[in-house]
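Q: Data file target_7.cif (mmCIF, C-alpha atoms) is appended below.
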```cif
data_input
#
loop_
_atom_site.label_atom_id
_atom_site.label_comp_id
_atom_site.auth_asym_id
_atom_site.auth_seq_id
_atom_site.Cartn_x
_atom_site.Cartn_y
_atom_site.Cartn_z
CA MET Z 51 14.69 5.48 19.55
CA ILE Z 52 13.36 2.54 21.55
CA PRO Z 53 15.06 -0.55 20.06
CA ARG Z 54 12.87 -2.71 17.84
CA THR Z 55 12.77 -6.33 18.99
CA LEU Z 56 10.83 -7.90 16.12
CA PHE Z 57 13.66 -8.06 13.62
CA ASP Z 58 16.51 -10.54 14.08
CA SER Z 59 19.81 -10.64 12.19
CA ASP Z 60 18.32 -12.58 9.27
CA LEU Z 61 15.65 -9.93 8.82
CA GLU Z 62 18.14 -7.11 9.10
CA GLY Z 63 20.25 -8.82 6.45
CA PHE Z 64 17.17 -8.98 4.26
CA ARG Z 65 16.52 -5.30 4.96
CA ASP Z 66 20.05 -4.43 3.91
CA SER Z 67 19.54 -6.29 0.63
CA VAL Z 68 16.26 -4.51 -0.08
CA ARG Z 69 17.77 -1.12 0.78
CA LYS Z 70 20.80 -1.62 -1.47
CA PHE Z 71 18.59 -2.86 -4.30
CA LEU Z 72 16.29 0.16 -4.10
CA GLU Z 73 19.17 2.63 -3.86
CA LYS Z 74 20.69 1.13 -7.02
CA GLU Z 75 17.66 0.12 -9.08
CA ALA Z 76 14.95 2.60 -8.06
CA VAL Z 77 16.17 5.84 -6.46
CA PRO Z 78 18.20 7.07 -9.49
CA PHE Z 79 15.26 6.51 -11.85
CA HIS Z 80 12.28 7.56 -9.74
CA ALA Z 81 12.21 11.16 -10.99
CA GLN Z 82 11.88 9.89 -14.56
CA TRP Z 83 9.20 7.42 -13.51
CA GLU Z 84 7.25 10.32 -12.01
CA LYS Z 85 7.28 11.94 -15.45
CA ASP Z 86 6.32 8.62 -17.08
CA GLY Z 87 3.48 8.03 -14.61
CA GLN Z 88 4.70 4.53 -13.74
CA VAL Z 89 7.79 2.59 -12.76
CA SER Z 90 9.55 0.32 -15.23
CA ARG Z 91 8.45 -3.25 -15.79
CA GLU Z 92 12.10 -4.17 -15.45
CA LEU Z 93 12.07 -3.12 -11.78
CA TRP Z 94 9.23 -5.55 -11.12
CA THR Z 95 11.07 -8.39 -12.86
CA LYS Z 96 14.30 -7.71 -10.96
CA GLY Z 97 12.39 -7.51 -7.70
CA GLY Z 98 10.83 -10.89 -8.43
CA GLU Z 99 14.23 -12.39 -9.16
CA MET Z 100 15.54 -11.09 -5.82
CA GLY Z 101 12.64 -12.58 -3.85
CA PHE Z 102 11.22 -9.19 -2.88
CA LEU Z 103 7.75 -9.87 -4.31
CA CYS Z 104 5.27 -11.92 -2.30
CA PRO Z 105 7.82 -13.02 0.35
CA THR Z 106 5.01 -14.64 2.37
CA ALA Z 107 3.83 -16.84 -0.52
CA PRO Z 108 3.87 -20.56 0.35
CA VAL Z 109 6.84 -22.66 -0.74
CA GLU Z 110 4.59 -25.07 -2.64
CA TYR Z 111 3.74 -22.27 -5.09
CA GLY Z 112 7.32 -21.10 -5.51
CA GLY Z 113 7.42 -18.60 -2.64
CA LEU Z 114 9.81 -18.16 0.26
CA GLY Z 115 7.20 -18.98 2.90
CA CYS Z 116 8.35 -16.10 5.11
CA ASP Z 117 6.25 -14.43 7.77
CA PHE Z 118 4.79 -10.95 7.41
CA ARG Z 119 7.86 -9.27 8.93
CA TYR Z 120 9.61 -9.73 5.58
CA SER Z 121 6.80 -7.89 3.84
CA ALA Z 122 7.05 -5.18 6.48
CA VAL Z 123 10.74 -4.74 5.69
CA VAL Z 124 10.03 -4.28 1.97
CA MET Z 125 7.27 -1.75 2.69
CA GLU Z 126 9.38 0.22 5.14
CA GLU Z 127 12.35 0.45 2.79
CA ILE Z 128 10.21 1.57 -0.14
CA SER Z 129 8.71 4.25 2.10
CA ARG Z 130 12.09 5.25 3.55
CA THR Z 131 13.54 5.89 0.08
CA GLY Z 132 10.51 7.94 -1.01
CA CYS Z 133 9.99 5.61 -3.99
CA SER Z 134 6.21 5.86 -3.75
CA GLY Z 135 5.66 4.66 -7.31
CA ILE Z 136 6.57 1.08 -6.47
CA GLY Z 137 3.30 -0.81 -6.09
CA TRP Z 138 4.81 -3.98 -4.66
CA PRO Z 139 3.00 -3.92 -1.30
CA LEU Z 140 -0.44 -3.97 -2.90
CA HIS Z 141 0.65 -6.71 -5.30
CA SER Z 142 2.40 -8.83 -2.67
CA ASP Z 143 0.39 -8.24 0.48
CA ILE Z 144 -3.13 -7.55 -0.74
CA VAL Z 145 -3.63 -9.28 -4.09
CA MET Z 146 -1.60 -12.43 -3.41
CA PRO Z 147 -3.15 -13.10 0.04
CA TYR Z 148 -6.67 -12.93 -1.41
CA ILE Z 149 -5.74 -15.77 -3.74
CA GLU Z 150 -3.81 -17.69 -1.08
CA ASN Z 151 -6.53 -17.39 1.56
CA TRP Z 152 -9.67 -17.51 -0.57
CA GLY Z 153 -8.78 -19.08 -3.91
CA THR Z 154 -9.28 -22.64 -5.08
CA GLU Z 155 -6.25 -24.90 -5.37
CA GLU Z 156 -6.31 -24.48 -9.13
CA GLN Z 157 -6.37 -20.68 -8.80
CA LYS Z 158 -3.43 -20.76 -6.39
CA GLN Z 159 -1.36 -22.95 -8.68
CA LYS Z 160 -2.16 -20.83 -11.72
CA TYR Z 161 -1.69 -17.32 -10.36
CA ILE Z 162 0.58 -17.24 -7.28
CA PRO Z 163 3.78 -18.31 -9.12
CA LYS Z 164 3.18 -15.60 -11.72
CA LEU Z 165 2.77 -12.97 -9.00
CA ILE Z 166 6.00 -14.08 -7.34
CA SER Z 167 7.98 -13.71 -10.57
CA ALA Z 168 6.16 -10.54 -11.75
CA GLU Z 169 5.04 -12.35 -14.87
CA ASN Z 170 1.71 -11.04 -13.64
CA ILE Z 171 1.38 -7.67 -11.90
CA GLY Z 172 -1.62 -7.61 -9.59
CA ALA Z 173 -4.28 -5.04 -8.73
CA ILE Z 174 -7.55 -5.04 -6.84
CA ALA Z 175 -10.58 -3.11 -8.07
CA MET Z 176 -12.94 -2.09 -5.27
CA THR Z 177 -13.57 1.65 -5.57
CA GLU Z 178 -16.09 2.97 -8.08
CA PRO Z 179 -16.92 6.53 -9.19
CA GLY Z 180 -19.91 6.48 -6.84
CA ALA Z 181 -18.73 4.06 -4.14
CA GLY Z 182 -15.54 4.36 -2.11
CA SER Z 183 -15.57 3.39 1.55
CA ASP Z 184 -19.13 2.07 1.19
CA LEU Z 185 -18.34 -1.21 -0.54
CA GLN Z 186 -21.94 -2.37 -0.31
CA GLY Z 187 -22.83 0.51 -2.62
CA ILE Z 188 -20.94 -0.83 -5.64
CA LYS Z 189 -22.81 -1.03 -8.95
CA THR Z 190 -20.55 -3.42 -10.88
CA THR Z 191 -22.37 -6.68 -11.60
CA ALA Z 192 -21.38 -10.17 -12.68
CA ILE Z 193 -24.33 -12.21 -13.91
CA LYS Z 194 -23.90 -15.93 -14.54
CA LYS Z 195 -24.59 -17.13 -18.06
CA GLY Z 196 -23.81 -20.84 -18.42
CA ASP Z 197 -20.05 -21.42 -18.12
CA HIS Z 198 -19.17 -17.77 -17.59
CA TYR Z 199 -20.16 -14.54 -15.86
CA VAL Z 200 -20.93 -11.34 -17.73
CA LEU Z 201 -19.13 -8.51 -15.94
CA ASN Z 202 -20.29 -4.91 -16.32
CA GLY Z 203 -19.25 -1.75 -14.51
CA SER Z 204 -16.34 0.57 -13.87
CA LYS Z 205 -13.74 1.11 -11.17
CA THR Z 206 -11.53 4.08 -10.38
CA PHE Z 207 -8.37 5.01 -8.43
CA ILE Z 208 -6.94 1.53 -9.05
CA THR Z 209 -3.29 1.21 -8.01
CA ASN Z 210 -1.17 -0.72 -10.55
CA GLY Z 211 -4.12 -0.27 -12.89
CA GLN Z 212 -2.14 0.48 -16.04
CA MET Z 213 0.41 -2.28 -15.60
CA ALA Z 214 -1.88 -4.93 -14.12
CA ASP Z 215 -2.11 -8.33 -15.78
CA LEU Z 216 -4.43 -9.71 -13.12
CA VAL Z 217 -7.16 -7.73 -11.34
CA ILE Z 218 -9.33 -8.93 -8.47
CA VAL Z 219 -12.67 -7.28 -9.24
CA VAL Z 220 -15.38 -6.74 -6.64
CA ALA Z 221 -18.82 -7.25 -8.19
CA LYS Z 222 -22.37 -8.12 -7.26
CA THR Z 223 -23.50 -11.55 -8.37
CA ASP Z 224 -26.87 -10.95 -6.73
CA PRO Z 225 -27.77 -7.23 -6.48
CA THR Z 226 -30.77 -8.07 -4.24
CA LYS Z 227 -28.71 -9.45 -1.35
CA GLY Z 228 -26.53 -6.52 -0.27
CA ALA Z 229 -23.25 -7.68 1.25
CA ALA Z 230 -24.23 -11.33 0.80
CA GLY Z 231 -24.44 -10.77 -2.94
CA ILE Z 232 -20.84 -9.58 -3.39
CA SER Z 233 -18.26 -11.83 -5.06
CA LEU Z 234 -14.66 -11.50 -6.23
CA PHE Z 235 -13.39 -12.32 -9.72
CA LEU Z 236 -9.95 -12.89 -11.20
CA VAL Z 237 -9.97 -10.82 -14.38
CA GLU Z 238 -7.03 -11.00 -16.76
CA ALA Z 239 -5.78 -8.23 -19.03
CA GLY Z 240 -6.76 -9.00 -22.58
CA MET Z 241 -10.19 -10.37 -21.77
CA GLU Z 242 -12.58 -8.97 -24.36
CA GLY Z 243 -14.48 -5.96 -23.03
CA PHE Z 244 -11.94 -5.19 -20.29
CA GLU Z 245 -10.41 -1.77 -20.97
CA LYS Z 246 -8.02 0.44 -19.04
CA GLY Z 247 -8.66 4.17 -18.96
CA SER Z 248 -5.97 6.81 -18.96
CA ASN Z 249 -3.41 6.98 -16.19
CA LEU Z 250 -4.89 9.40 -13.64
CA GLU Z 251 -2.93 12.54 -12.77
CA LYS Z 252 -2.56 12.95 -9.02
CA ALA Z 253 -1.26 15.54 -6.57
CA GLY Z 254 1.35 13.07 -5.33
CA MET Z 255 2.54 9.50 -5.89
CA LYS Z 256 3.11 10.49 -9.48
CA ALA Z 257 5.18 7.43 -10.39
CA GLN Z 258 2.45 5.05 -9.26
CA ASP Z 259 0.11 4.12 -12.11
CA THR Z 260 -3.46 4.73 -11.00
CA SER Z 261 -6.28 4.07 -13.43
CA GLU Z 262 -9.92 3.80 -14.24
CA LEU Z 263 -10.96 0.32 -15.37
CA PHE Z 264 -13.98 -0.46 -17.54
CA PHE Z 265 -15.82 -3.75 -17.91
CA ASN Z 266 -18.23 -3.99 -20.82
CA ASP Z 267 -19.85 -7.42 -21.13
CA VAL Z 268 -16.61 -9.12 -20.12
CA LYS Z 269 -17.00 -12.89 -20.23
CA VAL Z 270 -15.27 -14.20 -17.12
CA PRO Z 271 -15.02 -18.01 -16.93
CA VAL Z 272 -16.74 -19.56 -13.90
CA GLU Z 273 -13.37 -20.93 -12.78
CA ASN Z 274 -12.25 -17.31 -12.25
CA LEU Z 275 -14.78 -16.76 -9.45
CA LEU Z 276 -12.41 -16.46 -6.49
CA GLY Z 277 -12.86 -19.50 -4.29
CA GLY Z 278 -15.53 -20.93 -6.56
CA ARG Z 279 -18.38 -19.70 -4.36
CA GLU Z 280 -20.66 -16.72 -4.87
CA GLY Z 281 -21.41 -14.35 -2.02
CA THR Z 282 -18.13 -14.70 -0.14
CA GLY Z 283 -16.59 -11.47 -1.42
CA PHE Z 284 -17.64 -9.13 1.38
CA MET Z 285 -16.45 -11.57 4.05
CA ALA Z 286 -13.08 -11.85 2.30
CA LEU Z 287 -12.77 -8.07 2.04
CA MET Z 288 -13.48 -7.57 5.73
CA GLN Z 289 -11.03 -10.25 6.83
CA GLU Z 290 -8.20 -9.00 4.60
CA LEU Z 291 -8.58 -5.30 5.43
CA PRO Z 292 -6.68 -5.41 8.77
CA GLN Z 293 -3.51 -6.47 6.94
CA GLU Z 294 -4.05 -3.73 4.34
CA ARG Z 295 -4.43 -1.12 7.08
CA LEU Z 296 -1.37 -2.42 8.92
CA LEU Z 297 0.49 -2.10 5.63
CA VAL Z 298 -0.52 1.56 5.37
CA ALA Z 299 0.52 2.19 8.97
CA LEU Z 300 3.94 0.61 8.48
CA THR Z 301 4.62 2.82 5.46
CA ALA Z 302 3.34 5.89 7.33
CA VAL Z 303 5.71 5.49 10.27
CA ALA Z 304 8.68 4.70 8.03
CA ALA Z 305 7.90 7.84 6.03
CA CYS Z 306 7.82 9.89 9.24
CA GLU Z 307 11.23 8.56 10.27
CA ALA Z 308 12.70 9.36 6.86
CA ALA Z 309 11.27 12.89 6.88
CA ILE Z 310 12.68 13.54 10.34
CA ASP Z 311 16.13 12.35 9.22
CA TRP Z 312 16.07 14.61 6.13
CA THR Z 313 14.98 17.55 8.27
CA LYS Z 314 17.61 16.95 10.94
CA ASP Z 315 20.30 17.18 8.26
CA TYR Z 316 18.78 20.30 6.73
CA ILE Z 317 18.31 22.31 9.93
CA LYS Z 318 21.88 21.60 11.01
CA GLU Z 319 23.26 23.00 7.74
CA ARG Z 320 20.81 25.84 7.01
CA LYS Z 321 21.60 29.12 8.74
CA ALA Z 322 19.45 32.14 9.57
CA PHE Z 323 20.47 35.25 11.50
CA GLY Z 324 24.00 33.91 11.71
CA LYS Z 325 23.36 30.51 13.24
CA PRO Z 326 21.99 27.09 12.22
CA ILE Z 327 18.22 27.00 12.42
CA CYS Z 328 18.47 23.92 14.66
CA LYS Z 329 19.57 26.34 17.40
CA PHE Z 330 16.25 28.19 17.46
CA GLN Z 331 13.83 27.11 20.18
CA ASN Z 332 10.86 26.79 17.85
CA THR Z 333 12.81 24.44 15.59
CA ARG Z 334 14.07 22.36 18.49
CA PHE Z 335 10.64 22.06 20.12
CA LYS Z 336 8.93 21.17 16.84
CA MET Z 337 11.49 18.47 16.12
CA ALA Z 338 11.29 17.11 19.66
CA GLU Z 339 7.52 16.82 19.30
CA LEU Z 340 7.70 15.04 15.94
CA ILE Z 341 10.43 12.66 17.09
CA THR Z 342 8.58 11.71 20.27
CA GLU Z 343 5.24 11.16 18.55
CA THR Z 344 6.86 9.10 15.80
CA ASN Z 345 8.73 6.97 18.33
CA ALA Z 346 5.50 6.35 20.22
CA LEU Z 347 3.67 5.24 17.10
CA ARG Z 348 6.59 3.09 16.01
CA VAL Z 349 6.19 1.09 19.24
CA TYR Z 350 2.40 0.94 18.81
CA THR Z 351 2.72 -0.14 15.18
CA ASP Z 352 5.26 -2.84 16.02
CA ARG Z 353 2.90 -4.15 18.70
CA CYS Z 354 0.12 -4.36 16.11
CA LEU Z 355 2.53 -6.17 13.81
CA GLU Z 356 3.16 -8.66 16.61
CA LEU Z 357 -0.59 -9.16 17.01
CA HIS Z 358 -0.92 -9.71 13.26
CA LEU Z 359 1.84 -12.32 13.28
CA ASP Z 360 -0.18 -14.13 15.98
CA LYS Z 361 -3.39 -13.68 13.94
CA LYS Z 362 -4.85 -11.48 16.69
CA LEU Z 363 -5.02 -8.07 14.98
CA ASP Z 364 -8.72 -7.26 14.93
CA ILE Z 365 -10.61 -4.87 12.65
CA PRO Z 366 -11.08 -1.97 15.15
CA THR Z 367 -7.44 -2.04 16.27
CA ALA Z 368 -6.19 -2.01 12.67
CA ALA Z 369 -8.59 0.81 11.84
CA GLY Z 370 -7.42 2.95 14.75
CA LEU Z 371 -3.80 2.27 13.86
CA LYS Z 372 -4.31 3.29 10.25
CA GLN Z 373 -6.04 6.51 11.29
CA ILE Z 374 -3.54 7.70 13.89
CA THR Z 375 -0.40 6.84 11.91
CA THR Z 376 -1.55 8.50 8.70
CA ASP Z 377 -2.73 11.59 10.57
CA LEU Z 378 0.73 11.79 12.12
CA GLN Z 379 2.39 11.20 8.75
CA PHE Z 380 0.71 14.24 7.23
CA LYS Z 381 1.49 16.33 10.32
CA VAL Z 382 5.17 15.35 10.19
CA MET Z 383 5.44 16.09 6.48
CA ASP Z 384 3.74 19.45 6.85
CA GLU Z 385 5.89 20.54 9.79
CA CYS Z 386 9.07 19.35 8.06
CA VAL Z 387 8.18 21.28 4.90
CA GLN Z 388 7.75 24.35 7.10
CA LEU Z 389 11.15 23.83 8.69
CA HIS Z 390 12.70 23.61 5.22
CA GLY Z 391 11.22 27.01 4.36
CA GLY Z 392 10.89 27.83 0.67
CA TYR Z 393 13.09 24.90 -0.29
CA GLY Z 394 10.54 22.56 1.25
CA TYR Z 395 8.10 23.55 -1.49
CA MET Z 396 10.54 22.62 -4.26
CA THR Z 397 10.07 19.16 -5.75
CA GLU Z 398 13.83 18.66 -6.00
CA TYR Z 399 13.77 18.20 -2.23
CA PRO Z 400 12.45 14.79 -1.09
CA ILE Z 401 10.39 16.36 1.69
CA CYS Z 402 8.25 18.16 -0.87
CA ARG Z 403 7.46 14.98 -2.76
CA ALA Z 404 6.87 13.07 0.48
CA TRP Z 405 4.45 15.78 1.64
CA ALA Z 406 2.41 15.44 -1.55
CA ASP Z 407 2.58 11.65 -1.40
CA SER Z 408 1.36 11.55 2.20
CA ARG Z 409 -2.04 13.16 1.66
CA VAL Z 410 -3.70 10.12 0.11
CA GLN Z 411 -2.77 7.92 3.06
CA LYS Z 412 -5.68 9.43 5.01
CA ILE Z 413 -8.05 8.48 2.19
CA TYR Z 414 -7.34 5.01 0.82
CA ALA Z 415 -7.79 1.68 2.63
CA GLY Z 416 -10.86 3.39 4.10
CA THR Z 417 -10.95 7.09 4.89
CA ASN Z 418 -9.84 8.11 8.36
CA GLU Z 419 -13.39 9.20 9.14
CA ILE Z 420 -14.54 5.63 8.46
CA MET Z 421 -11.69 4.34 10.65
CA LYS Z 422 -12.99 6.45 13.54
CA GLU Z 423 -16.49 5.12 12.99
CA ILE Z 424 -15.22 1.51 13.12
CA VAL Z 425 -13.49 2.19 16.43
CA ALA Z 426 -16.52 4.02 17.81
CA ARG Z 427 -18.87 1.18 16.89
CA ALA Z 428 -16.61 -1.35 18.59
CA GLU Z 429 -16.24 0.69 21.77
CA LEU Z 430 -19.56 2.52 22.01
CA GLY Z 431 -21.99 0.36 20.09
#
```
Can I see the file as structure tokens?

A:
Amino acid sequence: MIPRTLFDSDLEGFRDSVRKFLEKEAVPFHAQWEKDGQVSRELWTKGGEMGFLCPTAPVEYGGLGCDFRYSAVVMEEISRTGCSGIGWPLHSDIVMPYIENWGTEEQKQKYIPKLISAENIGAIAMTEPGAGSDLQGIKTTAIKKGDHYVLNGSKTFITNGQMADLVIVVAKTDPTKGAAGISLFLVEAGMEGFEKGSNLEKAGMKAQDTSELFFNDVKVPVENLLGGREGTGFMALMQELPQERLLVALTAVAACEAAIDWTKDYIKERKAFGKPICKFQNTRFKMAELITETNALRVYTDRCLELHLDKKLDIPTAAGLKQITTDLQFKVMDECVQLHGGYGYMTEYPICRAWADSRVQKIYAGTNEIMKEIVARAELG
């Protein structure tokens, strides 16, 4: 593979620590977590103690103040191990940055330290039963009544939904204004009227708790309006989405690399017609294709990571990256399942679980069809 130049010895040392932690604290238990429908709270606490949560959080709030490469390392190692139930990236690199970049000083001081330690597990509630990629179509409302807002509505497919202590909720404070009427709220578990539905059963990512959330006349204090200003929610969402889509791309490429490694080992050991299946031309050509395409997108993804570190990753570029890497991820998983034969369809093999886990990557963070539309608008008008 073309050598990666973004990661120095300090980062590789950090990667080694994350990898060893996951192999000890997550991999042996993930099968049970898939049955439970969520990972253990203990894993979150241990991860916080090790500095693996919110590594980019500012030092003044108890964080390490690292750049986004450290987050990338955590994401890649989670993906490489196939521990798809661990919802740290959303917590660390979506929820925390909303508060860091858009919150008031009081909100930062109150919530960021708790996210770093895992005292609070974070989630973000955008998607609704009738509104997914079309965020302007949300129906959830938050109407101001004196010193609080009254929040009503429901959300679905919310990652970390069952375990979340803090949820950033997208709601309309003025339903007549479209995007300009959207605001974000910091809603805490235990607020009266805030209820969590059952843990949703999914085709893959079975250890990741994914829930419906219900808000019935929830009184949210005015100080929990993110940033203290109404109408800034849609702008915040648009500006934070490139990092979310880069996050998805990083996990997609790391998953491809892991699947290729598993398959290399399998095809060298598995025999058919008296010889290892890696000796058959079809197998060799398929693997060559997957390896080359993954290497190409690794370089492209690292370049986008460089742009993001320089604050130059724009919305269309991030959208195109998310689309092409997740399309490749599903292709790689599907081809590698095929090369495993019947064993590839057995959940005891990691490639089977990774194949099921990969399908949603083309859906969340904006469907790949929406990603294509974003690129087309930017290039074609």

Q: Could you give me, as a tab-separated table (two decimals) with C-alpha atoms, in the frame of the given file, the residues within 12 Å of Gly283 (chain Z), counting only C-alpha atoms and dropping anything in the same chain fewer than 3 positions from it?

A:
```tsv
chain	number	residue	atom	x	y	z
Z	148	TYR	CA	-6.67	-12.93	-1.41
Z	149	ILE	CA	-5.74	-15.77	-3.74
Z	152	TRP	CA	-9.67	-17.51	-0.57
Z	153	GLY	CA	-8.78	-19.08	-3.91
Z	176	MET	CA	-12.94	-2.09	-5.27
Z	185	LEU	CA	-18.34	-1.21	-0.54
Z	186	GLN	CA	-21.94	-2.37	-0.31
Z	218	ILE	CA	-9.33	-8.93	-8.47
Z	219	VAL	CA	-12.67	-7.28	-9.24
Z	220	VAL	CA	-15.38	-6.74	-6.64
Z	221	ALA	CA	-18.82	-7.25	-8.19
Z	222	LYS	CA	-22.37	-8.12	-7.26
Z	223	THR	CA	-23.50	-11.55	-8.37
Z	224	ASP	CA	-26.87	-10.95	-6.73
Z	228	GLY	CA	-26.53	-6.52	-0.27
Z	229	ALA	CA	-23.25	-7.68	1.25
Z	230	ALA	CA	-24.23	-11.33	0.80
Z	231	GLY	CA	-24.44	-10.77	-2.94
Z	232	ILE	CA	-20.84	-9.58	-3.39
Z	233	SER	CA	-18.26	-11.83	-5.06
Z	234	LEU	CA	-14.66	-11.50	-6.23
Z	235	PHE	CA	-13.39	-12.32	-9.72
Z	236	LEU	CA	-9.95	-12.89	-11.20
Z	275	LEU	CA	-14.78	-16.76	-9.45
Z	276	LEU	CA	-12.41	-16.46	-6.49
Z	277	GLY	CA	-12.86	-19.50	-4.29
Z	278	GLY	CA	-15.53	-20.93	-6.56
Z	279	ARG	CA	-18.38	-19.70	-4.36
Z	280	GLU	CA	-20.66	-16.72	-4.87
Z	286	ALA	CA	-13.08	-11.85	2.30
Z	287	LEU	CA	-12.77	-8.07	2.04
Z	288	MET	CA	-13.48	-7.57	5.73
Z	289	GLN	CA	-11.03	-10.25	6.83
Z	290	GLU	CA	-8.20	-9.00	4.60
```

Q: Here is a test: counting only C-alpha atoms, which residue of Z:Gly281, Z:Val387, Z:Lys205, Z:Arg353 is nearest to Ile317 (chain Z)?

A: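 Nearest to Ile317 (chain Z): Z:Val387.
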
Q: Would you mind telling me which residue in Z:Ser408, Z:Gly431, Z:Ala175, Z:Pro292 lies nearest to Lys362 (chain Z) when using only C-alpha atoms?

A: Z:Pro292

Q: Which value, in Å to one decimal, gives the distance between CA of Ser129 (chain Z) and CA of Arg409 (chain Z)?

A: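 Rounded to one decimal, the two atoms are 14.0 Å apart.
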
Q: Would you compute the distance between CA of Pro366 (chain Z) and CA of Ala304 (chain Z)? Give it in Å to one decimal.

A: 22.0 Å

Q: Using only C-alpha atoms, which of the listed residues (Z:Glu84, Z:Leu56, Z:Ile166, Z:Thr375) sits closest to Gly101 (chain Z)?

A: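 Under the stated criterion, the closest residue is Z:Ile166.
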
Q: Write out as a short mmCIF file (atom, residue, chain, number, x, y, z; two decimals) with C-alpha atoms, keeping the file's coordinate frame the residues lying within 7 Å of Ala309 (chain Z), counting all atoms listed in the file and excluding same-chain residues fewer than 5 positions away.

A:
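Output below, filename out_3.cif:
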```cif
data_model
loop_
_atom_site.label_atom_id
_atom_site.label_comp_id
_atom_site.auth_asym_id
_atom_site.auth_seq_id
_atom_site.Cartn_x
_atom_site.Cartn_y
_atom_site.Cartn_z
CA MET Z 383 5.44 16.09 6.48
CA CYS Z 386 9.07 19.35 8.06
CA ILE Z 401 10.39 16.36 1.69
#
```

Q: Take the PyMOL selection byres ((chain Z and resi 103-117) around 10), apply it to the structure above, and return the hits as a PyMOL selection string.

A: chain Z and resi 94-102+118-122+124+138-147+150+158-168+359

Q: When you draw a straight line from CA of Gln388 (chain Z) to CA of Leu250 (chain Z), how long is it in Å?

A: 28.5 Å

Q: Could you check which of Z:Leu300, Z:Leu201, Z:Gln157, Z:Ile424 is closest to Asp352 (chain Z), using all atoms listed in the file?

A: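 Ranked by minimum distance to Asp352 (chain Z), first place goes to Z:Leu300.
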
Q: Which residue, Z:Leu363, Z:Ile208, Z:Ile52, Z:Leu355, has the smallest gap to Leu297 (chain Z) when you use only C-alpha atoms?

A: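 Nearest to Leu297 (chain Z): Z:Leu355.
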
Q: Can you tell me, as a count of residues only, what residues are no more than 12 Å from Phe330 (chain Z) when counting all atoms listed in the file, ignoring any on the same chain fewer than 6 positions away?

A: 10

Q: Enumerate, as JSON, numbers by chain, the residues matched when the PyMOL selection byres ((chain Z and resi 380) around 12) is run on the file above.

A: {"Z": [302, 303, 305, 306, 309, 340, 344, 373, 374, 375, 376, 377, 378, 379, 381, 382, 383, 384, 385, 386, 387, 401, 402, 404, 405, 406, 407, 408, 409, 410, 411, 412, 413]}

Q: Find the residue from Z:Glu75, Z:Glu62, Z:Glu169, Z:Asp86 that sits nearest to Gln258 (chain Z); use only C-alpha atoms when measuring.

A: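 Nearest to Gln258 (chain Z): Z:Asp86.
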
Q: Taking (-6.7, 3.9, 4.0) in the file's own coordinates, collect the residues within 10 Å, counting only C-alpha atoms, and hand them back as a PyMOL selection string.

A: chain Z and resi 183+291+294-299+369+372-373+376+410-421

Q: Go ahead and save the residues from that selection, with C-alpha atoms, as a PDB file, keeping the file's coordinate frame.

A:
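Output contents, as saved in selection-v5.pdb:
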```pdb
ATOM      1  CA  SER Z 183     -15.570   3.390   1.550  1.00  0.00           C
ATOM      2  CA  LEU Z 291      -8.580  -5.300   5.430  1.00  0.00           C
ATOM      3  CA  GLU Z 294      -4.050  -3.730   4.340  1.00  0.00           C
ATOM      4  CA  ARG Z 295      -4.430  -1.120   7.080  1.00  0.00           C
ATOM      5  CA  LEU Z 296      -1.370  -2.420   8.920  1.00  0.00           C
ATOM      6  CA  LEU Z 297       0.490  -2.100   5.630  1.00  0.00           C
ATOM      7  CA  VAL Z 298      -0.520   1.560   5.370  1.00  0.00           C
ATOM      8  CA  ALA Z 299       0.520   2.190   8.970  1.00  0.00           C
ATOM      9  CA  ALA Z 369      -8.590   0.810  11.840  1.00  0.00           C
ATOM     10  CA  LYS Z 372      -4.310   3.290  10.250  1.00  0.00           C
ATOM     11  CA  GLN Z 373      -6.040   6.510  11.290  1.00  0.00           C
ATOM     12  CA  THR Z 376      -1.550   8.500   8.700  1.00  0.00           C
ATOM     13  CA  VAL Z 410      -3.700  10.120   0.110  1.00  0.00           C
ATOM     14  CA  GLN Z 411      -2.770   7.920   3.060  1.00  0.00           C
ATOM     15  CA  LYS Z 412      -5.680   9.430   5.010  1.00  0.00           C
ATOM     16  CA  ILE Z 413      -8.050   8.480   2.190  1.00  0.00           C
ATOM     17  CA  TYR Z 414      -7.340   5.010   0.820  1.00  0.00           C
ATOM     18  CA  ALA Z 415      -7.790   1.680   2.630  1.00  0.00           C
ATOM     19  CA  GLY Z 416     -10.860   3.390   4.100  1.00  0.00           C
ATOM     20  CA  THR Z 417     -10.950   7.090   4.890  1.00  0.00           C
ATOM     21  CA  ASN Z 418      -9.840   8.110   8.360  1.00  0.00           C
ATOM     22  CA  GLU Z 419     -13.390   9.200   9.140  1.00  0.00           C
ATOM     23  CA  ILE Z 420     -14.540   5.630   8.460  1.00  0.00           C
ATOM     24  CA  MET Z 421     -11.690   4.340  10.650  1.00  0.00           C
TER      25      MET Z 421
END
```

Q: Excluding Met213 (chain Z) and its own-chain neighbours fewer than 2 positions away, which residues fall within 10 Å of it when counting only C-alpha atoms? Please give them as a compact mmCIF listing (two decimals) with C-alpha atoms, keeping the file's coordinate frame.

A:
```
# COMPACT_ATOMS: atom_id res chain seq x y z
CA GLN Z 88 4.70 4.53 -13.74
CA VAL Z 89 7.79 2.59 -12.76
CA SER Z 90 9.55 0.32 -15.23
CA ARG Z 91 8.45 -3.25 -15.79
CA ASN Z 170 1.71 -11.04 -13.64
CA ILE Z 171 1.38 -7.67 -11.90
CA GLY Z 172 -1.62 -7.61 -9.59
CA ALA Z 173 -4.28 -5.04 -8.73
CA THR Z 209 -3.29 1.21 -8.01
CA ASN Z 210 -1.17 -0.72 -10.55
CA GLY Z 211 -4.12 -0.27 -12.89
CA ASP Z 215 -2.11 -8.33 -15.78
CA LEU Z 216 -4.43 -9.71 -13.12
CA ALA Z 239 -5.78 -8.23 -19.03
CA LYS Z 246 -8.02 0.44 -19.04
CA GLN Z 258 2.45 5.05 -9.26
CA ASP Z 259 0.11 4.12 -12.11
CA THR Z 260 -3.46 4.73 -11.00
CA SER Z 261 -6.28 4.07 -13.43
```
